[in-house]
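model.txt (compact mmCIF, C-alpha atoms)
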# COMPACT_ATOMS: atom_id res chain seq x y z
CA ASN A 1 0.00 0.00 0.00
CA TYR A 2 1.48 3.31 -1.12
CA ARG A 3 0.22 5.29 1.86
CA ALA A 4 1.63 2.88 4.41
CA THR A 5 4.96 2.59 2.62
CA PHE A 6 5.66 6.26 1.93
CA TYR A 7 3.76 8.00 4.72
CA ARG A 8 4.91 5.85 7.64
CA GLY A 9 1.77 3.82 8.09
CA PRO A 10 1.20 1.69 11.16
CA PRO A 11 3.21 -1.49 11.69
CA LYS A 12 1.71 -4.84 10.70
CA SER A 13 1.01 -5.79 14.31
CA ASP A 14 -1.17 -2.68 14.78
CA VAL A 15 -3.05 -3.31 11.54
CA LEU A 16 -3.74 -6.95 12.46
CA GLU A 17 -4.84 -5.93 15.96
CA GLU A 18 -7.22 -3.35 14.51
CA LEU A 19 -8.64 -5.94 12.09
CA ARG A 20 -9.16 -8.41 14.95
CA ASP A 21 -10.96 -5.66 16.92
CA LYS A 22 -13.14 -4.78 13.93
CA LEU A 23 -14.04 -8.43 13.41
CA SER A 24 -15.36 -8.56 16.98
CA ASP A 25 -17.43 -5.35 16.50
CA GLU A 26 -20.29 -7.34 14.94
CA GLY A 27 -22.43 -5.28 12.60
CA LEU A 28 -20.79 -1.88 13.07
CA SER A 29 -20.29 0.15 9.90
CA ALA A 30 -16.72 0.34 8.69
CA GLY A 31 -17.09 3.96 7.57
CA PRO A 32 -17.19 5.39 4.06
CA ASP A 33 -13.47 5.72 3.31
CA GLN A 34 -10.52 3.48 2.50
CA ARG A 35 -8.10 5.01 4.99
CA PRO A 36 -8.18 2.43 7.77
CA MET A 37 -5.32 0.08 7.00
CA TRP A 38 -7.28 -2.99 8.19
CA LYS A 39 -9.50 -2.67 5.11
CA PHE A 40 -6.48 -3.53 2.96
CA MET A 41 -6.41 -6.91 4.69
CA ASP A 42 -10.15 -7.42 4.35
CA ASN A 43 -10.91 -7.53 0.62
CA ILE A 44 -10.02 -3.94 -0.28
CA GLN A 45 -10.30 -4.49 -4.05
CA THR A 46 -13.76 -6.01 -3.72
CA ARG A 47 -14.76 -3.22 -1.31
CA LEU A 48 -13.65 -0.58 -3.81
CA LEU A 49 -15.20 -2.19 -6.88
CA ALA A 50 -18.50 -3.01 -5.14
CA ASN A 51 -18.82 0.39 -3.44
CA ALA A 52 -18.71 -1.46 -0.12
CA LEU A 53 -16.21 0.46 1.98
CA HIS A 54 -18.85 0.80 4.71
CA VAL A 55 -19.34 -2.97 5.11
CA PRO A 56 -18.18 -4.25 8.52
CA ALA A 57 -15.01 -6.31 8.77
CA GLY A 58 -15.47 -9.91 7.71
CA HIS A 59 -18.80 -9.25 5.97
CA ILE A 60 -17.71 -8.95 2.35
CA GLY A 61 -19.56 -11.81 0.69
CA ALA A 62 -20.65 -13.35 -2.58
CA GLY A 63 -23.05 -10.49 -3.34
CA HIS A 64 -20.18 -8.01 -3.13
CA VAL A 65 -18.05 -10.18 -5.40
CA ARG A 66 -20.93 -10.29 -7.93
CA ALA A 67 -21.24 -6.48 -7.77
CA ALA A 68 -17.47 -6.11 -8.34
CA LYS A 69 -17.60 -8.52 -11.30
CA SER A 70 -20.58 -6.65 -12.71
CA LEU A 71 -18.66 -3.37 -12.61
CA LEU A 72 -15.61 -4.97 -14.22
CA SER A 73 -17.77 -6.38 -17.01
CA ASN A 74 -18.25 -2.81 -18.25
CA PHE A 75 -14.55 -2.41 -19.08
CA SER A 76 -12.94 -3.41 -22.36
CA VAL A 77 -9.52 -3.99 -20.81
CA ILE A 78 -8.62 -4.95 -17.26
CA GLY A 79 -5.01 -5.27 -16.16
CA ARG A 80 -3.20 -6.03 -12.94
CA VAL A 81 -0.18 -4.03 -11.81
CA GLU A 82 1.67 -7.25 -10.95
CA ASP A 83 1.41 -8.32 -14.61
CA LEU A 84 3.52 -5.36 -15.75
CA GLY A 85 6.64 -7.22 -14.62
CA ASP A 86 6.00 -10.08 -17.07
CA ALA A 87 7.09 -9.06 -20.58
CA SER A 88 4.48 -11.10 -22.46
CA ARG A 89 1.58 -10.03 -20.24
CA ARG A 90 2.74 -6.42 -20.36
CA ALA A 91 2.99 -6.52 -24.16
CA ARG A 92 -0.51 -8.00 -24.45
CA LEU A 93 -1.95 -5.34 -22.12
CA PHE A 94 -0.17 -2.53 -23.95
CA ASP A 95 -1.40 -3.88 -27.30
CA LEU A 96 -4.98 -3.96 -26.04
CA LEU A 97 -4.64 -0.37 -24.82
CA GLY A 98 -2.91 0.80 -28.00
CA TRP A 99 0.19 1.87 -26.09
CA GLU A 100 3.80 1.75 -27.26
CA HIS A 101 5.65 -1.07 -25.55
CA ASP A 102 8.36 1.18 -24.12
CA THR A 103 5.96 3.77 -22.68
CA ILE A 104 6.95 3.29 -19.04
CA TYR A 105 10.37 1.71 -19.39
CA SER A 106 13.78 3.17 -18.75
CA SER A 107 16.75 2.72 -21.08
CA GLN A 108 17.63 -0.53 -19.23
CA ASN A 109 14.23 -2.03 -20.27
CA ARG A 110 13.05 -2.07 -16.65
CA LEU A 111 10.12 -0.41 -14.99
CA GLY A 112 11.16 3.11 -14.12
CA ASN A 113 9.16 3.23 -10.88
CA VAL A 114 9.51 0.07 -8.82
CA LEU A 115 8.97 -0.69 -5.15
CA ASN A 116 11.35 -3.52 -4.32
CA LYS A 117 10.03 -4.62 -0.96
CA ASP A 118 6.91 -6.14 0.49
CA LEU A 119 4.93 -3.94 2.81
CA PHE A 120 4.39 -6.73 5.35
CA ASN A 121 5.96 -10.15 5.75
CA PHE A 122 3.61 -12.59 7.45
CA SER A 123 4.56 -15.51 9.66
CA GLN A 124 2.97 -18.88 8.79
CA GLU A 125 0.63 -18.47 11.77
CA GLU A 126 -0.46 -14.99 10.64
CA ALA A 127 -0.99 -16.17 7.07
CA ALA A 128 -3.10 -19.11 8.29
CA TRP A 129 -5.25 -16.76 10.40

File written out as structure tokens:
Amino acid sequence: NYRATFYRGPPKSDVLEELRDKLSDEGLSAGPDQRPMWKFMDNIQTRLLANALHVPAGHIGAGHVRAAKSLLSNFSVIGRVEDLGDASRRARLFDLLGWEHDTIYSSQNRLGNVLNKDLFNFSQEEAAW
């Protein structure tokens, strides 16, 4: 998450603690914005696409996924940022968009703007949770 990385967001332990607290607040609205970091660990993409930022923690469900898919069905091209690192996927996406293949590349044929670290590294226990 850009905000957490470049604007000194809370540490992982605080984010996980907040998410655990929100999961125990059964039925309380999550608020209308995307700022709370716990939302990034509770289906943020589906929340954004389904206009469901207000949905309480742990309550994103199949209906929200259907709403997100419905919104995405209106687009001609959908790409994922993580696919930009794969030359063939990037070329296909750029072709679909009508972009030149070197639009965002430096002279070394690498992405010019790259974040080379994970925001959080999870233990096996945290990942299982």

Check: So, counting all atoms listed in the file, which residue among A:Gly79, A:Gly31, A:Pro11, A:Gly58 is closest to Asn43 in chain A?
Finding: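 Distance minimum relative to Asn43 in chain A lands on A:Gly58.
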
Around range 40-54 of chain A, with edges along x, y and z and 6 Å added on all six sides, what centre and edge lengths do you get, in Å to one decimal, as JSON?
{"center_x": -12.6, "center_y": -3.4, "center_z": -1.1, "size_x": 24.4, "size_y": 20.3, "size_z": 23.6}

Next item on the list: Give the answer as one residue: which of A:Ser29, A:Gln124, A:Gln34, A:Ser13 has the shortest atom-to-atom distance to Pro56 in chain A, using only C-alpha atoms?
Entry: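 Nearest to Pro56 in chain A: A:Ser29.
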
Notebook entry, point to check: So which one's closest to Leu71 in chain A, A:Leu16, A:Ala57, A:Phe94, A:Asn51? Using all atoms listed in the file, please.
Noted result: A:Asn51

Item checked: CA of Leu49 in chain A to CA of Ala68 in chain A, distance in Å rounded to a single decimal -> 4.8 Å

Check: CA of Ile78 in chain A and CA of Arg92 in chain A, how far apart in Å?
Finding: 11.3 Å

Item checked: Atomic separation - CA of Ala52 in chain A relative to CA of Lys22 in chain A, Å -> 15.5 Å

Item checked: Distance query Arg90 in chain A at most 10 Å, all atoms listed in the file, self and fewer than 4 positions along chain excluded, as a PyMOL selection string -> chain A and resi 79-86+94-96+101

Checklist line | Residues near Val65 in chain A, cut-off 9 Å, all atoms listed in the file, skip fewer than 6 positions along chain, as a list in words | finding: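 Once the adjacent positions are removed, what remains is Thr46, Arg47, Leu49 and Ala50 of chain A.
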
Notebook entry, point to check: Asp14 in chain A: which residues within 10 Å, counting all atoms listed in the file, same-chain residues fewer than 5 positions away excluded, as a list in words?
Noted result: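 Within the cut-off, the hits are Gly9, Leu19, Arg20, Met37 and Trp38 of chain A.
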